[in-house]
Structure formats: C-alpha cells, structure tokens
Amino acid sequence: MWCADKTYIIVDDSYFSQLFLMRTVSRIRPDFTLIGCADDTMTMKELIDGNKIDLIITRDIVSDGNVVDVLKSNSVRIPTILISQSDEKRAAGEEINMVQFILEPVAVSELSDALGRV
C-alpha cells in the first residue's frame with residue numbers, strides 16, 4: 001500500500017538523466033513530490049538539511065565526488081535508489097540505506113520496482 005505525499009530528491013550531474021528520472025517518477029508515482037535536483041554533493045546536502053526527504057535517487061558519482069561516501073560520512077539514513085555504470089559499486093551501496101541498486105541504463109521497470117519498495 002502506497003503512502004501519499006512522499007518527497008524525493010534527484011542527485012545526478014546530467015540534465016537529461018535528471019529529466020528522465022523526474023518524468024518517469026511522476027508517471028509511475030504521482031503521489032511523490034520532487035523537492036529538487038542536485039548536480040553535486042554540496043547541493044544534495046543543502047536539500048537534505050533544509051527539507052523532509054523520504055527518498056534519494058542518485059548516481060554513485062557526481063561532479064564533485066562520491067555520493068555514497070558523503071551520505072555515509074554525514075550519517076544520512078534516507079532510503080536511497082543508487083544508480084551506477086559499474087556493478088562493482090553495488091557493495092558500496094550496501095553501506096547506506098539502499099532500497100535498490102540499478103545498473104545503467106535505467107530500465108523503467110527497475111525504477112518502478114524500486115519506487116514500490118519505498
């Protein structure tokens with residue numbers, strides 16, 4: 001059973017990836033509200049610190065660093081969908097509150113499955 005009014009952020013330094021994720025999430029889960037997009041870890045931390053966030057959808061690496069390391073070092077326990085180009089990054093995701101690991105390219109069915117777990 002889905003709970004209404006969940007909030008999320010997207011952390012990805014590619015505009016087109018952000019756009020794909022925004023559109024796909026809004027189509028699959030219209031009850032989710034996008035708080036904002038970050039293309040670096042600094043902006044991600046500002047969004048997390050300034051808002052109630054129920055979900056993070058993120059790439060493992062963005063322009064200014066490793067997102068998983070930043071989440072760990074700041075003790076962030078927000079459920080996270082981790083997206084990576086390398087399956088080797090899966091283990092790092094297990095050190096955070098990872099809902100699901102998605103290997104790129106992101107399949108809509110995988111994203112839908114991950115969103116159903118939140």
# chains A, B, ... in the order shown; residues from 1 in each chain; ligands from 1

call {"tool": "select_by_dssp", "arguments": {"residues": "chain A", "states": "alpha helix (DSSP H)", "output": "MDAnalysis selection string"}}
result
chainID A and resid 15:28 41:50 67:73 90:93 108:116

call {"tool": "write_last_selection", "arguments": {"atoms": "N, CA and C atoms", "output": "compact mmCIF listing (two decimals), in the first residue's frame"}}
result
# COMPACT_ATOMS: atom_id res chain seq x y z
N TYR A 15 21.79 16.65 -16.90
CA TYR A 15 20.46 17.25 -17.02
C TYR A 15 19.47 16.26 -17.63
N PHE A 16 19.90 15.53 -18.64
CA PHE A 16 18.99 14.61 -19.32
C PHE A 16 18.62 13.42 -18.43
N SER A 17 19.54 12.97 -17.60
CA SER A 17 19.22 11.91 -16.63
C SER A 17 18.23 12.44 -15.59
N GLN A 18 18.46 13.66 -15.11
CA GLN A 18 17.52 14.27 -14.17
C GLN A 18 16.12 14.34 -14.78
N LEU A 19 16.05 14.81 -16.01
CA LEU A 19 14.77 14.95 -16.70
C LEU A 19 14.08 13.59 -16.87
N PHE A 20 14.83 12.58 -17.28
CA PHE A 20 14.27 11.24 -17.41
C PHE A 20 13.72 10.74 -16.08
N LEU A 21 14.49 10.90 -15.01
CA LEU A 21 14.05 10.44 -13.69
C LEU A 21 12.82 11.20 -13.21
N MET A 22 12.83 12.53 -13.38
CA MET A 22 11.67 13.34 -12.96
C MET A 22 10.41 12.87 -13.67
N ARG A 23 10.49 12.77 -14.98
CA ARG A 23 9.31 12.39 -15.77
C ARG A 23 8.85 10.97 -15.45
N THR A 24 9.79 10.07 -15.29
CA THR A 24 9.43 8.68 -15.02
C THR A 24 8.80 8.52 -13.65
N VAL A 25 9.40 9.15 -12.65
CA VAL A 25 8.83 9.06 -11.29
C VAL A 25 7.44 9.68 -11.27
N SER A 26 7.26 10.81 -11.90
CA SER A 26 5.94 11.47 -11.87
C SER A 26 4.88 10.62 -12.57
N ARG A 27 5.29 9.86 -13.57
CA ARG A 27 4.35 8.98 -14.27
C ARG A 27 4.03 7.73 -13.44
N ILE A 28 5.06 7.15 -12.82
CA ILE A 28 4.88 5.92 -12.05
C ILE A 28 4.26 6.19 -10.69
N THR A 41 27.36 17.10 -4.66
CA THR A 41 27.08 16.66 -3.28
C THR A 41 26.77 17.83 -2.35
N MET A 42 27.33 18.98 -2.64
CA MET A 42 27.08 20.16 -1.80
C MET A 42 25.60 20.55 -1.86
N THR A 43 25.06 20.61 -3.06
CA THR A 43 23.64 20.93 -3.23
C THR A 43 22.78 19.84 -2.62
N MET A 44 23.20 18.58 -2.78
CA MET A 44 22.47 17.47 -2.17
C MET A 44 22.35 17.66 -0.65
N LYS A 45 23.47 17.99 -0.01
CA LYS A 45 23.45 18.19 1.45
C LYS A 45 22.53 19.33 1.84
N GLU A 46 22.53 20.41 1.06
CA GLU A 46 21.63 21.54 1.33
C GLU A 46 20.17 21.12 1.22
N LEU A 47 19.84 20.33 0.20
CA LEU A 47 18.46 19.86 0.05
C LEU A 47 18.05 18.95 1.20
N ILE A 48 18.95 18.09 1.62
CA ILE A 48 18.66 17.17 2.72
C ILE A 48 18.50 17.93 4.03
N ASP A 49 19.40 18.89 4.27
CA ASP A 49 19.35 19.65 5.53
C ASP A 49 18.15 20.57 5.62
N GLY A 50 17.65 21.05 4.48
CA GLY A 50 16.58 22.04 4.51
C GLY A 50 15.18 21.50 4.30
N VAL A 67 28.91 10.18 -3.99
CA VAL A 67 27.68 10.43 -3.22
C VAL A 67 27.57 9.47 -2.04
N VAL A 68 27.90 8.20 -2.25
CA VAL A 68 27.80 7.21 -1.17
C VAL A 68 28.69 7.61 -0.01
N ASP A 69 29.91 8.03 -0.30
CA ASP A 69 30.83 8.46 0.77
C ASP A 69 30.26 9.65 1.55
N VAL A 70 29.66 10.60 0.84
CA VAL A 70 29.08 11.77 1.50
C VAL A 70 27.89 11.36 2.38
N LEU A 71 27.04 10.48 1.88
CA LEU A 71 25.90 10.01 2.68
C LEU A 71 26.39 9.30 3.93
N LYS A 72 27.40 8.44 3.78
CA LYS A 72 27.95 7.71 4.94
C LYS A 72 28.59 8.67 5.94
N SER A 73 29.40 9.58 5.46
CA SER A 73 30.12 10.47 6.38
C SER A 73 29.20 11.43 7.12
N ARG A 90 27.89 -1.77 -6.31
CA ARG A 90 26.77 -2.33 -5.55
C ARG A 90 27.13 -2.51 -4.07
N ALA A 91 28.30 -3.03 -3.80
CA ALA A 91 28.72 -3.28 -2.41
C ALA A 91 28.78 -1.98 -1.60
N ALA A 92 29.24 -0.90 -2.22
CA ALA A 92 29.30 0.38 -1.51
C ALA A 92 27.90 0.84 -1.12
N GLY A 93 26.92 0.56 -1.97
CA GLY A 93 25.55 0.94 -1.68
C GLY A 93 24.97 0.22 -0.48
N VAL A 108 12.81 1.39 -16.93
CA VAL A 108 11.61 1.89 -16.25
C VAL A 108 11.07 0.83 -15.30
N SER A 109 11.11 -0.42 -15.68
CA SER A 109 10.59 -1.50 -14.82
C SER A 109 11.39 -1.61 -13.53
N GLU A 110 12.71 -1.43 -13.60
CA GLU A 110 13.54 -1.47 -12.39
C GLU A 110 13.25 -0.29 -11.48
N LEU A 111 13.11 0.87 -12.07
CA LEU A 111 12.79 2.07 -11.29
C LEU A 111 11.43 1.93 -10.65
N SER A 112 10.47 1.40 -11.38
CA SER A 112 9.14 1.18 -10.84
C SER A 112 9.17 0.21 -9.67
N ASP A 113 9.94 -0.85 -9.79
CA ASP A 113 10.08 -1.83 -8.71
C ASP A 113 10.69 -1.16 -7.47
N ALA A 114 11.73 -0.36 -7.68
CA ALA A 114 12.39 0.32 -6.57
C ALA A 114 11.44 1.30 -5.87
N LEU A 115 10.68 2.04 -6.65
CA LEU A 115 9.73 3.00 -6.08
C LEU A 115 8.63 2.30 -5.30
N GLY A 116 8.28 1.10 -5.70
CA GLY A 116 7.28 0.33 -4.98
C GLY A 116 7.76 -0.14 -3.61

call {"tool": "closest_residue", "arguments": {"among": "A:Asp12, A:Asp64, A:Asp54, A:Met98", "to": "Asp39 of chain A", "atoms": "only C-alpha atoms"}}
result
A:Asp12

call {"tool": "atom_distance", "arguments": {"atom1": "atom CA of Val62 of chain A", "atom2": "atom CA of Pro30 of chain A"}}
result
26.5 Å

call {"tool": "atom_distance", "arguments": {"atom1": "atom CA of Ile9 of chain A", "atom2": "atom CA of Ile102 of chain A"}}
result
16.4 Å

call {"tool": "select_by_dssp", "arguments": {"residues": "segment 52-118 of chain A", "states": "strand (DSSP E)", "output": "MDAnalysis selection string"}}
result
chainID A and resid 55:59 61:62 65:66 80:84 98:103

call {"tool": "closest_residue", "arguments": {"among": "A:Lys52, A:Ser63, A:Ile83, A:Lys89", "to": "Val106 of chain A", "atoms": "only C-alpha atoms"}}
result
A:Ile83

call {"tool": "residues_around", "arguments": {"residues": "Asn51 of chain A", "least_positions_apart": "6", "cutoff": "12 Å", "atoms": "only C-alpha atoms", "output": "PyMOL selection string"}}
result
chain A and resi 6-9+33-36+44-45+78
